[in-house]
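What follows is the content of my_file.txt (compact mmCIF, C-alpha atoms).
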# COMPACT_ATOMS: atom_id res chain seq x y z
CA MET A 1047 98.89 203.61 129.75
CA THR A 1048 95.54 203.84 127.98
CA ALA A 1049 94.96 204.27 124.25
CA THR A 1050 94.03 207.90 124.85
CA GLN A 1051 97.47 208.49 126.39
CA GLU A 1052 99.52 206.21 124.15
CA HIS A 1053 101.10 207.75 121.03
CA VAL A 1054 102.10 206.05 117.78
CA VAL A 1055 104.70 207.01 115.18
CA LEU A 1056 103.18 208.21 111.90
CA LEU A 1057 105.05 207.27 108.73
CA SER A 1058 105.41 208.61 105.20
CA ASP A 1059 104.57 206.25 102.36
CA ASP A 1060 108.24 205.28 102.14
CA GLY A 1061 108.32 204.39 105.86
CA ARG A 1062 110.03 207.47 107.31
CA PRO A 1063 108.74 208.92 110.61
CA ILE A 1064 106.79 212.14 109.99
CA GLY A 1065 105.09 212.74 113.32
CA THR A 1066 103.07 211.24 116.13
CA ALA A 1067 99.42 210.91 117.06
CA ARG A 1068 97.39 209.50 119.91
CA LYS A 1069 96.67 205.82 119.34
CA SER A 1070 93.01 206.49 120.09
CA ASP A 1071 92.92 208.95 117.16
CA VAL A 1072 94.48 206.80 114.43
CA HIS A 1073 92.26 203.72 114.11
CA HIS A 1074 89.28 204.73 111.98
CA GLU A 1075 88.14 204.74 108.34
CA HIS A 1076 91.13 206.86 107.26
CA THR A 1077 93.87 205.36 109.43
CA PRO A 1078 97.22 206.93 108.57
CA LEU A 1079 100.24 204.73 107.98
CA HIS A 1080 101.96 204.14 111.32
CA LEU A 1081 104.60 201.94 112.94
CA ALA A 1082 103.64 198.73 114.73
CA PHE A 1083 105.07 195.25 115.34
CA SER A 1084 103.95 191.63 115.65
CA CYS A 1085 105.64 188.89 117.67
CA TYR A 1086 105.38 185.11 117.69
CA VAL A 1087 106.59 183.47 120.93
CA LEU A 1088 107.64 179.81 121.00
CA ASP A 1089 108.39 177.62 124.03
CA ASP A 1090 111.01 174.86 124.48
CA ALA A 1091 108.65 172.29 122.93
CA GLY A 1092 108.26 174.38 119.76
CA ARG A 1093 104.73 175.43 120.63
CA LEU A 1094 103.49 178.86 119.63
CA LEU A 1095 101.51 181.04 122.02
CA VAL A 1096 98.46 182.26 120.10
CA THR A 1097 96.06 184.76 121.60
CA ARG A 1098 92.49 185.78 121.05
CA ARG A 1099 92.12 189.54 121.09
CA ALA A 1100 89.94 190.97 123.85
CA TRP A 1101 86.36 191.68 122.81
CA SER A 1102 86.82 195.34 123.79
CA LYS A 1103 89.57 195.96 121.19
CA THR A 1104 88.88 198.58 118.49
CA THR A 1105 90.28 196.46 115.67
CA TRP A 1106 89.41 192.81 115.17
CA PRO A 1107 87.93 192.13 118.62
CA GLY A 1108 87.81 188.42 119.43
CA ALA A 1109 90.11 187.44 116.55
CA TRP A 1110 92.76 184.77 117.07
CA THR A 1111 96.19 186.09 116.18
CA ASN A 1112 99.91 185.86 116.82
CA THR A 1113 101.24 186.15 120.37
CA CYS A 1114 101.40 189.92 120.66
CA CYS A 1115 101.04 193.09 118.60
CA GLY A 1116 101.67 196.67 119.52
CA HIS A 1117 103.11 200.06 118.67
CA PRO A 1118 106.50 201.49 119.63
CA ALA A 1119 106.23 204.79 121.45
CA PRO A 1120 107.87 207.80 119.78
CA GLY A 1121 111.64 207.41 120.23
CA GLU A 1122 111.34 203.83 121.51
CA ASP A 1123 113.39 201.08 119.89
CA VAL A 1124 111.08 198.51 118.27
CA GLU A 1125 112.70 195.54 120.06
CA ASP A 1126 112.31 197.35 123.39
CA ALA A 1127 108.63 197.91 122.53
CA VAL A 1128 108.16 194.20 121.74
CA ARG A 1129 109.61 193.22 125.12
CA ARG A 1130 107.53 195.90 126.91
CA ARG A 1131 104.25 194.74 125.37
CA LEU A 1132 105.00 191.06 126.04
CA ARG A 1133 105.49 191.93 129.72
CA GLN A 1134 102.40 194.18 129.87
CA GLU A 1135 99.99 191.99 127.91
CA LEU A 1136 101.18 188.54 128.91
CA GLY A 1137 103.63 188.80 131.81
CA LEU A 1138 106.32 187.14 129.67
CA GLU A 1139 110.07 187.63 129.53
CA VAL A 1140 111.60 186.38 126.30
CA SER A 1141 115.01 185.63 124.83
CA ASP A 1142 116.36 185.20 121.31
CA LEU A 1143 114.19 188.01 119.94
CA ARG A 1144 114.83 188.36 116.21
CA ALA A 1145 113.19 190.07 113.25
CA VAL A 1146 111.97 187.57 110.65
CA LEU A 1147 109.96 189.93 108.42
CA PRO A 1148 111.59 193.33 109.06
CA ASP A 1149 109.79 195.10 106.19
CA PHE A 1150 106.28 193.66 106.58
CA ARG A 1151 103.54 196.15 105.70
CA TYR A 1152 99.81 195.69 105.38
CA ARG A 1153 96.46 197.43 105.16
CA ALA A 1154 93.22 195.72 106.23
CA VAL A 1155 89.64 196.97 106.46
CA MET A 1156 87.09 195.70 108.98
CA ASP A 1157 83.44 195.17 108.02
CA ASP A 1158 82.55 198.43 109.81
CA GLY A 1159 85.13 200.36 107.77
CA VAL A 1160 87.83 200.70 110.45
CA VAL A 1161 91.27 200.36 108.86
CA GLU A 1162 94.62 199.02 110.02
CA ASN A 1163 97.46 200.56 108.01
CA GLU A 1164 100.86 199.60 109.38
CA VAL A 1165 104.51 199.07 108.72
CA CYS A 1166 104.74 196.11 111.07
CA PRO A 1167 108.08 194.31 111.47
CA VAL A 1168 107.51 190.72 112.57
CA TYR A 1169 109.55 189.13 115.36
CA VAL A 1170 110.02 185.65 116.79
CA ALA A 1171 111.10 185.08 120.39
CA HIS A 1172 111.61 182.24 122.85
CA CYS A 1173 109.96 181.83 126.25
CA ALA A 1174 111.67 179.38 128.60
CA ASP A 1175 109.00 179.77 131.31
CA PRO A 1176 105.46 179.43 129.90
CA GLY A 1177 104.24 179.07 133.49
CA SER A 1178 104.86 182.79 134.00
CA LEU A 1179 102.06 183.60 131.53
CA ALA A 1180 99.63 186.13 133.05
CA PRO A 1181 97.39 187.57 130.29
CA ASP A 1182 95.86 191.01 130.76
CA PRO A 1183 92.09 190.53 130.19
CA ASP A 1184 91.87 194.00 128.63
CA GLU A 1185 94.16 192.72 125.86
CA VAL A 1186 93.68 188.94 125.69
CA ALA A 1187 90.36 187.04 125.83
CA GLU A 1188 91.91 183.56 125.49
CA HIS A 1189 95.24 181.95 124.76
CA GLU A 1190 96.52 178.59 123.61
CA TRP A 1191 99.90 176.93 123.13
CA VAL A 1192 99.83 175.11 119.79
CA HIS A 1193 102.51 173.59 117.59
CA TRP A 1194 103.66 176.02 114.91
CA ALA A 1195 102.97 173.69 111.98
CA ARG A 1196 99.43 172.95 113.19
CA PHE A 1197 98.62 176.61 113.76
CA ARG A 1198 100.02 177.60 110.37
CA ASP A 1199 98.21 174.79 108.55
CA ASP A 1200 94.89 175.45 110.33
CA ALA A 1201 95.07 179.20 109.69
CA MET A 1202 96.11 178.86 106.06
CA SER A 1203 93.40 176.26 105.33
CA GLY A 1204 90.70 178.32 107.05
CA LEU A 1205 90.12 175.83 109.87
CA ARG A 1206 91.13 178.59 112.30
CA GLU A 1207 90.03 182.15 111.58
CA VAL A 1208 92.84 184.60 112.33
CA SER A 1209 93.40 188.34 112.09
CA PRO A 1210 94.20 189.59 108.57
CA TRP A 1211 97.75 190.58 109.50
CA CYS A 1212 98.39 187.15 110.99
CA ARG A 1213 97.17 185.45 107.81
CA LEU A 1214 99.41 187.63 105.65
CA GLN A 1215 102.38 187.05 107.95
CA LEU A 1216 101.86 183.28 107.98
CA ASP A 1217 101.85 183.35 104.19
CA ALA A 1218 105.23 185.12 104.20
CA LEU A 1219 106.87 183.19 107.07
CA PRO A 1220 108.77 179.93 106.54
CA PRO A 1221 107.04 176.61 107.33
CA VAL A 1222 109.44 176.13 110.25
CA LEU A 1223 110.47 178.87 112.68
Using the file provided, produce a representation of the structure as structure tokens.
Amino acid sequence: MTATQEHVVLLSDDGRPIGTARKSDVHHEHTPLHLAFSCYVLDDAGRLLVTRRAWSKTTWPGAWTNTCCGHPAPGEDVEDAVRRRLRQELGLEVSDLRAVLPDFRYRAVMDDGVVENEVCPVYVAHCADPGSLAPDPDEVAEHEWVHWARFRDDAMSGLREVSPWCRLQLDALPPVL
């Protein structure tokens, strides 16, 4: 499904659903608050799959970030949406999916004025088969498996530039997942 077909859930300031809109219509200078999610996927060795956003993305193209981000469709359970996007973007099946920052919310503005404005619960999941990874080039420009502590330290110290939501999430997440 393309961004022109995909719909997102619009939210009131207190986080209640108040409607829907096409995804292609909500990311601009006056982005309304909407529902999203972020997920961090770890393998058996404790490595985190980090991705670089495709250069064609509307928001933060080419930015390194957590494993996967997305938007639940209207009426879709958030955990189901996380699993759907992991399959679509990366070809991954995961287990042990759990919310670690269920109330995470942020607003970030790009240099060109485009805004992200999301209630974005953060999840962690496990992937037993990293060999099944098959990134969609329309979503992911690059990927890397890196140990959690190294990624967190590099991002927090500025050695690795990451998306603004990833930086805020790393600040709120525990040192060990």
Find the residues around A:Asp1059 up to 10 Å (only C-alpha atoms counted), leave out those fewer than 4 positions away in its own chain, and share them as a ChimeraX atom specification. /A:1063-1064,1078-1080,1165
Can you list, as an mmCIF file with C-alpha atoms, in the frame of the given file, every protein, DNA or RNA residue that comes within 8 Å of A:Cys1115 when you count all atoms listed in the file, leaving out same-chain residues fewer than 3 positions away?
data_model
loop_
_atom_site.group_PDB
_atom_site.id
_atom_site.type_symbol
_atom_site.label_atom_id
_atom_site.label_comp_id
_atom_site.auth_asym_id
_atom_site.auth_seq_id
_atom_site.Cartn_x
_atom_site.Cartn_y
_atom_site.Cartn_z
ATOM 1 C CA ALA A 1082 103.640 198.730 114.730
ATOM 2 C CA PHE A 1083 105.070 195.250 115.340
ATOM 3 C CA SER A 1084 103.950 191.630 115.650
ATOM 4 C CA CYS A 1085 105.640 188.890 117.670
ATOM 5 C CA ASN A 1112 99.910 185.860 116.820
ATOM 6 C CA VAL A 1128 108.160 194.200 121.740
ATOM 7 C CA ARG A 1131 104.250 194.740 125.370
#
Residues proximal to (93.6, 181.2, 113.7) were defined as those with any atom within 7 Å of that point in the file's coordinates, counting only C-alpha atoms. Which are they, as a list in words? Trp1110, Thr1111, Phe1197, Asp1200, Ala1201, Arg1206, Glu1207 and Val1208 of chain A
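If you measure from each of A:Val1192, A:Leu1138, A:Val1072, A:Leu1216 to A:Asn1163 using all atoms listed in the file, the closest one turns out to be A:Val1072.
For the set A:Arg1062, A:His1053, A:His1076, A:Arg1153, the residue with the smallest atom-to-atom gap to A:Pro1118 is A:His1053, counting all atoms listed in the file.
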With only C-alpha atoms as the basis for distance, which of A:Leu1223, A:Asp1089, A:Leu1081, A:Thr1066 is at the shortest distance from A:Asp1123?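 Checking each candidate against A:Asp1123, we get A:Leu1081 as the closest.
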Of the candidates A:Val1054, A:Val1160, A:Val1170, A:Val1124, which one gets nearest to A:His1074 if we count all atoms listed in the file? A:Val1160
Measuring between all atoms listed in the file, which one of A:Leu1205, A:Val1087, A:Val1096, A:Val1055 shows the shortest distance to A:His1189?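 Of A:Leu1205, A:Val1087, A:Val1096, A:Val1055, the one nearest A:His1189, counting all atoms listed in the file, is A:Val1096.
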Check the smallest atom-to-atom distance from each of A:Leu1136, A:Leu1057, A:Leu1094, A:Val1222 to A:Thr1077 using all atoms listed in the file, then report the winner.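 Checking each candidate against A:Thr1077, we get A:Leu1057 as the closest.
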Interatomic distance between atom CA of A:Pro1120 and atom CA of A:Ala1067?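 A separation of 9.4 Å between them.
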Within-12 Å shell of (110.1, 198.5, 104.1) in input frame, all atoms listed in the file, as a ChimeraX atom specification: /A:1057-1062,1081,1147-1152,1164-1168
Using the file's own x, y and z axes, what box holds all listed atoms of stretch 1131-1142 of chain A with 8 Å on each side, keeping edges along x, y and z, and what are its centre and edge lengths in Å to one decimal, as AutoDock Vina command-line options?
--center_x 108.2 --center_y 190.0 --center_z 126.6 --size_x 32.4 --size_y 25.5 --size_z 26.5
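One finds atom CA of A:Leu1088 at 15.8 Å from atom CA of A:Ala1180.
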